[in-house]
>>> print(open('input_15.txt').read())   # compact mmCIF, C-alpha atoms
# COMPACT_ATOMS: atom_id res chain seq x y z
CA MET A 1 -40.29 2.93 -4.97
CA SER A 2 -38.31 2.93 -1.76
CA SER A 3 -36.58 -0.35 -2.61
CA SER A 4 -35.43 1.00 -5.99
CA SER A 5 -33.99 4.11 -4.36
CA ALA A 6 -32.30 1.86 -1.79
CA THR A 7 -30.67 -0.16 -4.59
CA GLU A 8 -29.59 3.08 -6.21
CA ALA A 9 -28.09 4.29 -2.95
CA ARG A 10 -26.23 0.99 -2.60
CA GLU A 11 -24.87 1.30 -6.14
CA ILE A 12 -23.70 4.84 -5.43
CA GLY A 13 -22.15 3.61 -2.18
CA ASN A 14 -20.34 0.82 -4.00
CA ARG A 15 -19.01 3.29 -6.53
CA ILE A 16 -17.78 5.56 -3.72
CA VAL A 17 -16.01 2.60 -2.06
CA VAL A 18 -14.32 1.58 -5.31
CA ALA A 19 -13.33 5.20 -5.99
CA GLY A 20 -12.00 5.63 -2.44
CA ILE A 21 -9.90 2.48 -2.56
CA ALA A 22 -8.64 3.41 -6.03
CA ALA A 23 -7.71 6.87 -4.72
CA ILE A 24 -5.78 5.39 -1.80
CA VAL A 25 -3.89 2.98 -4.04
CA LEU A 26 -3.20 5.79 -6.52
CA ILE A 27 -1.92 8.21 -3.85
CA LEU A 28 0.39 5.61 -2.33
CA ALA A 29 1.58 4.50 -5.77
CA VAL A 30 2.47 8.11 -6.56
CA ALA A 31 4.23 8.36 -3.19
CA ALA A 32 6.21 5.21 -4.00
CA VAL A 33 7.21 6.53 -7.42
CA LEU A 34 8.28 9.89 -5.92
CA LEU A 35 10.23 8.00 -3.27
CA PHE A 36 12.15 6.02 -5.88
CA ILE A 37 12.76 9.09 -8.03
CA ASN A 38 13.84 11.49 -5.30
CA LEU A 39 16.31 9.37 -3.36
CA PRO A 40 19.87 10.27 -4.43
CA ASP A 41 21.32 7.82 -6.91
CA ALA A 42 24.46 5.84 -6.15
CA ASN A 43 26.59 8.07 -8.37
CA ALA A 44 25.80 11.34 -6.58
CA PHE A 45 28.70 10.96 -4.13
CA ASN A 46 31.18 10.04 -6.87
CA MET A 47 30.14 13.07 -8.89
CA ARG A 48 30.68 15.39 -5.94
CA VAL A 49 34.12 13.95 -5.25
CA GLU A 50 35.02 14.23 -8.92
CA GLN A 51 33.90 17.87 -8.95
CA LEU A 52 36.04 18.56 -5.90
CA PHE A 53 39.01 16.97 -7.60
CA VAL A 54 38.58 19.01 -10.79
CA GLU A 55 37.92 22.35 -9.07
CA ASN A 56 40.94 22.28 -6.79
CA ASP A 57 44.16 22.45 -8.82
CA ASN A 58 46.38 21.81 -5.80
CA LEU A 59 44.73 18.46 -4.98
CA THR A 60 47.40 16.58 -6.84
CA SER A 61 49.46 14.60 -4.35
CA ASN A 62 49.03 10.86 -4.24
CA ALA A 63 47.81 10.80 -0.64
CA GLU A 64 45.14 13.42 -1.29
CA ILE A 65 43.86 11.56 -4.32
CA LYS A 66 43.72 8.29 -2.38
CA LEU A 67 41.73 10.09 0.32
CA LEU A 68 39.27 11.38 -2.28
CA GLU A 69 38.84 7.85 -3.62
CA ILE A 70 38.12 6.54 -0.12
CA LEU A 71 35.58 9.33 0.34
CA ALA A 72 33.83 8.31 -2.85
CA GLY A 73 33.92 4.66 -1.79
CA SER A 74 32.32 5.34 1.57
CA GLY A 75 29.71 7.47 -0.16
CA THR A 76 28.89 4.58 -2.46
CA ALA A 77 28.61 2.25 0.54
CA PHE A 78 26.22 4.72 2.15
CA SER A 79 24.12 4.86 -0.99
CA ASP A 80 23.82 1.05 -0.81
CA THR A 81 22.40 1.51 2.69
CA LEU A 82 20.00 4.07 1.28
CA ALA A 83 18.82 1.54 -1.28
CA SER A 84 17.95 -0.90 1.50
CA TYR A 85 16.13 1.90 3.37
CA ARG A 86 14.23 2.61 0.20
CA PHE A 87 13.11 -1.01 0.06
CA VAL A 88 12.01 -0.93 3.70
CA ILE A 89 10.05 2.27 3.10
CA PHE A 90 8.45 0.68 0.05
CA VAL A 91 7.34 -2.35 2.10
CA LEU A 92 5.91 0.01 4.72
CA LEU A 93 4.04 1.85 1.98
CA ILE A 94 2.48 -1.42 0.85
CA PHE A 95 1.45 -2.13 4.45
CA ALA A 96 -0.02 1.36 4.70
CA THR A 97 -1.99 0.77 1.50
CA ALA A 98 -3.40 -2.49 2.82
CA LEU A 99 -4.35 -0.91 6.15
CA LEU A 100 -6.01 2.10 4.55
CA VAL A 101 -7.96 -0.09 2.16
CA ALA A 102 -9.07 -2.24 5.10
CA ALA A 103 -10.02 0.88 7.05
CA VAL A 104 -12.20 2.17 4.22
CA ALA A 105 -13.81 -1.24 3.80
CA PHE A 106 -14.55 -1.45 7.53
CA LEU A 107 -15.93 2.08 7.54
CA VAL A 108 -18.31 1.22 4.74
CA MET A 109 -19.30 -2.00 6.51
CA LEU A 110 -19.98 -0.03 9.67
CA ILE A 111 -22.21 2.41 7.84
CA ALA A 112 -24.10 -0.45 6.19
CA LEU A 113 -24.49 -2.19 9.55
CA ASN A 114 -25.75 0.99 11.15
CA ARG A 115 -28.35 1.40 8.43
CA ARG A 116 -29.42 -2.20 8.86
CA MET A 117 -29.65 -1.77 12.63
CA GLY A 118 -31.82 1.28 12.11
CA ARG A 119 -34.09 -0.67 9.78
CA ILE A 120 -34.35 -3.51 12.30
CA GLU A 121 -35.16 -1.08 15.08
CA ARG A 122 -37.95 0.43 13.02
CA GLN A 123 -39.22 -2.89 11.77
CA GLY A 124 -39.54 -4.43 15.21
CA ILE A 125 -38.61 -8.08 15.24
CA GLU A 126 -36.44 -9.59 12.54
CA VAL A 127 -36.10 -13.34 12.69
CA ASN A 128 -32.50 -14.46 12.26
CA SER A 129 -33.01 -18.01 13.45
CA LEU A 130 -35.98 -20.29 13.92
CA THR A 131 -35.37 -23.53 15.78
CA ILE A 132 -38.19 -25.99 16.31
CA SER A 133 -37.64 -28.43 19.17
CA ARG A 134 -40.29 -31.13 18.97
CA ASP A 135 -39.34 -33.03 22.14
CA GLN A 136 -39.34 -29.86 24.26
CA LYS A 137 -42.45 -28.59 22.46
CA ALA A 138 -40.79 -25.25 22.02
CA VAL A 139 -39.79 -22.90 19.21
CA TYR A 140 -36.80 -20.59 19.43
CA LEU A 141 -37.09 -17.28 17.56
CA ASN A 142 -33.65 -15.62 17.74
CA ASP A 143 -33.02 -15.93 21.50
CA PHE A 144 -36.66 -16.09 22.63
CA GLU A 145 -38.14 -19.41 23.64
CA PHE A 146 -41.85 -19.96 23.11
CA LYS A 147 -43.74 -22.96 24.43
CA LEU A 148 -46.29 -24.34 21.97
CA THR A 149 -48.95 -27.03 22.03
CA ASP A 150 -48.47 -30.22 20.02
CA ALA A 151 -50.89 -29.03 17.36
CA ALA A 152 -49.21 -25.64 17.05
CA ILE A 153 -45.76 -27.28 16.78
CA GLU A 154 -47.13 -29.52 14.04
CA THR A 155 -48.52 -26.54 12.11
CA LEU A 156 -45.30 -24.57 12.48
CA SER A 157 -43.22 -27.54 11.32
CA VAL A 158 -45.35 -27.98 8.21
CA LEU A 159 -45.03 -24.25 7.43
CA ALA A 160 -41.26 -24.35 8.01
CA GLU A 161 -40.79 -27.36 5.71
CA ALA A 162 -42.91 -25.71 3.03
CA ARG A 163 -40.85 -22.50 3.38
CA MET A 164 -37.61 -24.45 2.91
CA ASP A 165 -39.02 -25.81 -0.36
CA ASP A 166 -40.24 -22.32 -1.30
CA GLU A 167 -43.83 -23.54 -1.35
CA VAL A 168 -47.05 -21.80 -0.38
CA LEU A 169 -49.68 -24.02 1.28
CA THR A 170 -53.44 -23.54 1.31
CA GLY A 171 -55.40 -24.25 4.47
CA ALA A 172 -56.62 -27.53 3.01
CA GLU A 173 -53.06 -28.62 2.18
CA ILE A 174 -51.87 -27.85 5.72
CA GLU A 175 -54.73 -29.86 7.19
CA GLY A 176 -53.97 -32.64 4.69
CA VAL A 177 -50.26 -32.89 5.64
CA ILE A 178 -51.00 -32.89 9.39
CA SER A 179 -53.92 -35.30 9.32
CA GLY A 180 -52.33 -37.54 6.68
CA ARG A 181 -55.30 -37.40 4.31
CA SER A 182 -55.40 -36.15 0.76
CA ALA A 183 -55.71 -32.34 0.52
CA ALA A 184 -58.79 -32.71 -1.69
CA ASP A 185 -60.62 -34.39 1.19
CA CYS A 186 -59.74 -31.67 3.69
CA ASP A 187 -61.62 -28.57 4.65
CA GLU A 188 -59.98 -25.20 4.02
CA ALA A 189 -61.45 -23.92 7.29
CA ALA A 190 -59.70 -26.65 9.33
CA GLY A 191 -56.28 -25.43 8.14
CA ALA A 192 -57.29 -21.83 8.80
CA THR A 193 -58.23 -22.79 12.35
CA ARG A 194 -54.81 -24.37 12.89
CA ILE A 195 -53.14 -21.19 11.63
CA LYS A 196 -55.34 -19.09 13.90
CA ARG A 197 -54.43 -21.18 16.94
CA LEU A 198 -50.71 -21.00 16.08
CA ARG A 199 -50.95 -17.24 15.67
CA ASP A 200 -52.82 -16.88 18.95
CA THR A 201 -50.39 -18.88 21.10
CA LEU A 202 -47.26 -17.55 19.43
CA GLY A 203 -48.62 -14.00 19.26
CA ASN A 204 -49.63 -14.05 22.89
CA GLN A 205 -46.25 -15.26 24.05
CA MET A 206 -44.41 -12.86 21.78
CA MET A 207 -46.50 -10.00 23.08
CA SER A 208 -45.80 -11.04 26.66
CA GLU A 209 -42.09 -11.41 25.95
CA LEU A 210 -41.62 -8.26 23.87
CA LEU A 211 -44.27 -5.85 25.05
CA VAL A 212 -46.41 -6.68 28.06
CA LYS A 213 -44.31 -8.45 30.68
CA ASN A 214 -45.73 -10.33 33.61
CA ILE A 215 -43.51 -10.10 36.66
CA ALA A 216 -44.42 -12.91 39.03
CA ARG A 217 -46.37 -11.82 42.15
CA LYS A 218 -45.87 -8.16 41.23
CA GLY A 219 -47.93 -7.38 38.17
CA TYR A 220 -47.64 -6.22 34.59
CA VAL A 221 -45.32 -3.73 32.90
CA LEU A 222 -44.55 -2.57 29.37
CA ALA A 223 -41.18 -4.03 28.37
CA ILE A 224 -40.01 -0.93 26.49
CA ASP A 225 -37.83 2.06 27.16
CA LYS A 226 -39.92 4.86 28.69
CA ASP A 227 -38.25 7.47 26.47
CA VAL A 228 -39.85 6.05 23.34
CA ILE A 229 -43.42 6.52 24.59
CA ARG A 230 -45.26 9.47 23.12
CA MET A 231 -48.95 10.37 23.46
CA ILE A 232 -50.68 12.15 20.59
CA MET B 1 63.56 36.66 -35.41
CA ALA B 2 60.08 36.15 -34.00
CA LEU B 3 59.61 33.15 -36.26
CA MET B 4 62.88 31.61 -35.02
CA LEU B 5 61.90 32.13 -31.41
CA SER B 6 58.56 30.43 -31.89
CA THR B 7 60.16 27.43 -33.60
CA THR B 8 62.66 27.02 -30.78
CA ILE B 9 59.83 27.02 -28.25
CA ALA B 10 57.91 24.56 -30.36
CA GLN B 11 60.89 22.29 -30.57
CA ALA B 12 61.67 22.43 -26.87
CA ALA B 13 60.15 19.54 -24.90
CA CYS B 14 56.52 20.21 -23.96
CA TYR B 15 54.66 18.55 -21.10
CA ALA B 16 51.18 18.85 -19.64
CA ASP B 17 49.77 17.89 -16.25
CA TYR B 18 46.22 16.60 -16.20
CA LYS B 19 43.55 14.93 -14.06
CA ALA B 20 41.70 11.78 -15.11
CA LYS B 21 39.16 9.34 -13.65
CA GLN B 22 37.69 5.87 -13.97
CA ASP B 23 34.12 5.01 -12.97
CA ASP B 24 32.73 2.08 -10.93
CA PRO B 25 34.48 2.26 -8.54
CA LEU B 26 35.63 5.85 -8.81
CA ARG B 27 39.41 6.07 -9.30
CA LEU B 28 41.28 9.33 -9.79
CA HIS B 29 44.75 10.20 -10.89
CA TYR B 30 46.99 13.16 -11.50
CA GLY B 31 49.59 12.66 -14.17
CA VAL B 32 52.18 14.31 -16.35
CA ALA B 33 52.45 13.50 -20.04
CA GLU B 34 54.50 14.68 -22.97
CA VAL B 35 52.72 16.75 -25.61
CA ARG B 36 53.80 16.38 -29.24
CA GLY B 37 53.55 19.22 -31.74
CA ASP B 38 51.75 22.40 -30.71
CA CYS B 39 52.47 23.21 -27.05
CA SER B 40 49.07 24.38 -25.87
CA VAL B 41 46.43 23.24 -23.42
CA ARG B 42 44.01 22.57 -26.26
CA SER B 43 46.32 20.31 -28.22
CA ALA B 44 47.30 18.57 -24.98
CA GLU B 45 43.64 17.88 -24.27
CA GLY B 46 43.12 16.40 -27.73
CA GLN B 47 46.14 14.13 -27.49
CA LEU B 48 45.62 13.04 -23.89
CA ARG B 49 41.96 12.20 -24.35
CA ASP B 50 42.83 9.56 -26.95
CA ARG B 51 45.86 8.20 -25.10
CA LEU B 52 44.02 7.87 -21.79
CA ASP B 53 40.93 6.45 -23.43
CA ASP B 54 42.90 3.48 -24.75
CA ASP B 55 43.57 2.48 -21.13
CA GLY B 56 40.04 3.12 -19.88
CA TRP B 57 40.71 6.49 -18.26
CA GLN B 58 38.58 9.53 -18.86
CA LEU B 59 40.32 12.92 -19.05
CA LEU B 60 38.83 15.45 -16.61
CA ASN B 61 40.95 18.49 -17.32
CA VAL B 62 44.41 19.68 -18.29
CA LEU B 63 45.91 22.00 -15.69
CA GLY B 64 48.59 23.53 -17.91
CA VAL B 65 51.57 23.00 -20.17
CA PHE B 66 55.22 23.51 -19.24
CA ASP B 67 58.72 22.58 -20.36
CA ASP B 68 61.60 20.65 -18.80
CA ALA B 69 61.92 23.22 -16.02
CA GLY B 70 58.57 22.31 -14.49
CA LEU B 71 59.05 18.59 -14.81
CA GLU B 72 60.92 17.85 -11.60
CA GLU B 73 58.57 19.57 -9.17
CA ARG B 74 55.60 17.51 -10.47
CA LYS B 75 57.36 14.18 -10.47
CA GLU B 76 56.48 13.24 -6.94
CA SER B 77 52.80 14.16 -7.19
CA ALA B 78 52.30 12.29 -10.46
CA GLY B 79 53.89 9.14 -9.04
CA GLU B 80 53.27 6.15 -11.25
CA PHE B 81 51.51 8.35 -13.82
CA PHE B 82 54.61 10.47 -14.40
CA LEU B 83 55.17 10.41 -18.18
CA ARG B 84 53.21 7.15 -18.40
CA TYR B 85 50.86 8.27 -21.18
>>> encode(input="input_15.txt", output="structure tokens")
Amino acid sequence: MSSSSATEAREIGNRIVVAGIAAIVLILAVAAVLLFINLPDANAFNMRVEQLFVENDNLTSNAEIKLLEILAGSGTAFSDTLASYRFVIFVLLIFATALLVAAVAFLVMLIALNRRMGRIERQGIEVNSLTISRDQKAVYLNDFEFKLTDAAIETLSVLAEARMDDEVLTGAEIEGVISGRSAADCDEAAGATRIKRLRDTLGNQMMSELLVKNIARKGYVLAIDKDVIRMI
Amino acid sequence: MALMLSTTIAQAACYADYKAKQDDPLRLHYGVAEVRGDCSVRSAEGQLRDRLDDDGWQLLNVLGVFDDAGLEERKESAGEFFLRY
């Protein structure tokens, strides 16, 4: 039930992300179009000069007309500059789009990470890495190092190999792999004992690492934040 | 009498001064041209539009029509476009 609602929430979240990014791209595309439409076209200066020429009947001498032509020419040169500005602004708009899209993506990632962190906090320990070191007789869970006996290492290795092959082992099978005999000849209880011993040693050490700490020559203390303790 | 007067005016030389332009790049000119037939701004516009168009100029407006008396004072302003079209 809760997993289905979680999938639903994720789907809704994905839709919101897609909609948000689409909205950003749309808004900036509209801005770009408005930018290209609203900048004065190259002919605007020429038209103004022409209007001036027509409206003033006494602007007839050669020198005055030449001056008007120069005015129009410089206006046209300026409009070329405007065109290059327009291009620069357009490039900046593209950059802005990319940055905004990235920002939204990062925001969503942050929210997802926060949720995951919350789940991990509630769940207790989540194993991100399991390293078995046979020569040091140790197993590394995330950053914690746990010392194990030879037998426990053997059991853990068998379980790890079976997990990598997506297999489930019965107690008899575990005992069979470790002792080298056929599983049919092995006792189910022998495998169960191996599992129990592995759980005991690993569980003990995990407890001591994560919950009940032993500080040498001082004593024992709970390895948790005191704010989270509540008595009911 | 009135008819005679109007024919004499019609037969006297008739000129118009006008403004014209070319696009890309913008070029402007003021010119004086002779008008044939009816001596009015409207007929001058009709005639000048065609004459200027042959040379790639676009007529902007005709300022007015006048006879020989007004010719000299406009000669300098019109420059190379004095009676060219």
>>> interface_residues(input="input_15.txt", of="chain A", to="chain B", cutoff="12 Å", atoms="all atoms listed in the file", output="ChimeraX atom specification")
/A:42-77
>>> atom_distance(input="input_15.txt", atom1="atom CA of Val127 of chain A", atom2="atom CA of Asn142 of chain A")
6.1 Å
>>> atom_distance(input="input_15.txt", atom1="atom CA of Val158 of chain A", atom2="atom CA of Gly203 of chain A")
18.1 Å
>>> atom_distance(input="input_15.txt", atom1="atom CA of Arg36 of chain B", atom2="atom CA of Cys14 of chain B")
7.1 Å
>>> residues_near_point(input="input_15.txt", point="(53.8, 23.1, -20.8)", cutoff="6 Å", atoms="only C-alpha atoms", output="ChimeraX atom specification")
/B:14-16,64-67
>>> residues_near_point(input="input_15.txt", point="(-5.4, -2.2, -0.6)", cutoff="8 Å", atoms="only C-alpha atoms", output="list in words")
Ile21, Ile24, Val25, Thr97, Ala98, Leu99, Leu100, Val101 and Ala102 of chain A
>>> axis_aligned_box(input="input_15.txt", around="segment 205-217 of chain A", padding_each_side="4 Å", output="AutoDock Vina command-line options")
--center_x -44.1 --center_y -10.6 --center_z 32.0 --size_x 12.9 --size_y 17.4 --size_z 28.4
>>> decode(input="input_15.txt", residues="segment 124-144 of chain A", atoms="N, CA and C atoms", output="PDB file, in the first residue's frame")
ATOM      1  N   GLY A 124      17.108   3.055  10.258  1.00  0.00           N
ATOM      2  CA  GLY A 124      18.282   2.628  11.001  1.00  0.00           C
ATOM      3  C   GLY A 124      19.452   2.466  10.059  1.00  0.00           C
ATOM      4  N   ILE A 125      19.973   1.273   9.932  1.00  0.00           N
ATOM      5  CA  ILE A 125      21.169   1.095   9.120  1.00  0.00           C
ATOM      6  C   ILE A 125      20.788   0.658   7.710  1.00  0.00           C
ATOM      7  N   GLU A 126      21.360   1.322   6.731  1.00  0.00           N
ATOM      8  CA  GLU A 126      21.186   0.897   5.348  1.00  0.00           C
ATOM      9  C   GLU A 126      22.565   0.561   4.805  1.00  0.00           C
ATOM     10  N   VAL A 127      22.710  -0.637   4.310  1.00  0.00           N
ATOM     11  CA  VAL A 127      24.041  -1.084   3.875  1.00  0.00           C
ATOM     12  C   VAL A 127      24.289  -0.609   2.454  1.00  0.00           C
ATOM     13  N   ASN A 128      25.292   0.253   2.297  1.00  0.00           N
ATOM     14  CA  ASN A 128      25.658   0.724   0.960  1.00  0.00           C
ATOM     15  C   ASN A 128      26.827  -0.060   0.404  1.00  0.00           C
ATOM     16  N   SER A 129      27.651  -0.612   1.299  1.00  0.00           N
ATOM     17  CA  SER A 129      28.776  -1.406   0.813  1.00  0.00           C
ATOM     18  C   SER A 129      29.090  -2.505   1.820  1.00  0.00           C
ATOM     19  N   LEU A 130      29.399  -3.661   1.289  1.00  0.00           N
ATOM     20  CA  LEU A 130      29.786  -4.795   2.134  1.00  0.00           C
ATOM     21  C   LEU A 130      31.083  -5.347   1.572  1.00  0.00           C
ATOM     22  N   THR A 131      32.144  -5.227   2.346  1.00  0.00           N
ATOM     23  CA  THR A 131      33.441  -5.715   1.885  1.00  0.00           C
ATOM     24  C   THR A 131      33.903  -6.817   2.832  1.00  0.00           C
ATOM     25  N   ILE A 132      34.190  -7.967   2.260  1.00  0.00           N
ATOM     26  CA  ILE A 132      34.667  -9.082   3.091  1.00  0.00           C
ATOM     27  C   ILE A 132      36.165  -9.225   2.877  1.00  0.00           C
ATOM     28  N   SER A 133      36.916  -9.089   3.959  1.00  0.00           N
ATOM     29  CA  SER A 133      38.374  -9.229   3.867  1.00  0.00           C
ATOM     30  C   SER A 133      38.760 -10.517   4.593  1.00  0.00           C
ATOM     31  N   ARG A 134      39.063 -11.551   3.781  1.00  0.00           N
ATOM     32  CA  ARG A 134      39.351 -12.859   4.375  1.00  0.00           C
ATOM     33  C   ARG A 134      40.660 -12.862   5.167  1.00  0.00           C
ATOM     34  N   ASP A 135      41.711 -12.218   4.618  1.00  0.00           N
ATOM     35  CA  ASP A 135      43.006 -12.293   5.311  1.00  0.00           C
ATOM     36  C   ASP A 135      43.000 -11.502   6.611  1.00  0.00           C
ATOM     37  N   GLN A 136      42.183 -10.424   6.680  1.00  0.00           N
ATOM     38  CA  GLN A 136      42.110  -9.690   7.954  1.00  0.00           C
ATOM     39  C   GLN A 136      40.986 -10.213   8.847  1.00  0.00           C
ATOM     40  N   LYS A 137      40.255 -11.205   8.346  1.00  0.00           N
ATOM     41  CA  LYS A 137      39.113 -11.767   9.064  1.00  0.00           C
ATOM     42  C   LYS A 137      38.173 -10.667   9.527  1.00  0.00           C
ATOM     43  N   ALA A 138      37.851  -9.800   8.592  1.00  0.00           N
ATOM     44  CA  ALA A 138      36.981  -8.682   8.955  1.00  0.00           C
ATOM     45  C   ALA A 138      35.968  -8.460   7.843  1.00  0.00           C
ATOM     46  N   VAL A 139      34.821  -7.838   8.222  1.00  0.00           N
ATOM     47  CA  VAL A 139      33.832  -7.438   7.229  1.00  0.00           C
ATOM     48  C   VAL A 139      33.565  -5.953   7.432  1.00  0.00           C
ATOM     49  N   TYR A 140      33.503  -5.233   6.310  1.00  0.00           N
ATOM     50  CA  TYR A 140      33.249  -3.795   6.389  1.00  0.00           C
ATOM     51  C   TYR A 140      31.835  -3.520   5.899  1.00  0.00           C
ATOM     52  N   LEU A 141      30.982  -3.035   6.822  1.00  0.00           N
ATOM     53  CA  LEU A 141      29.630  -2.604   6.463  1.00  0.00           C
ATOM     54  C   LEU A 141      29.646  -1.083   6.450  1.00  0.00           C
ATOM     55  N   ASN A 142      29.428  -0.492   5.254  1.00  0.00           N
ATOM     56  CA  ASN A 142      29.616   0.956   5.081  1.00  0.00           C
ATOM     57  C   ASN A 142      31.019   1.302   5.607  1.00  0.00           C
ATOM     58  N   ASP A 143      31.109   2.080   6.688  1.00  0.00           N
ATOM     59  CA  ASP A 143      32.423   2.443   7.214  1.00  0.00           C
ATOM     60  C   ASP A 143      32.796   1.654   8.467  1.00  0.00           C
ATOM     61  N   PHE A 144      31.867   0.789   8.944  1.00  0.00           N
ATOM     62  CA  PHE A 144      32.142   0.062  10.180  1.00  0.00           C
ATOM     63  C   PHE A 144      32.916  -1.218   9.897  1.00  0.00           C
TER      64      PHE A 144
END
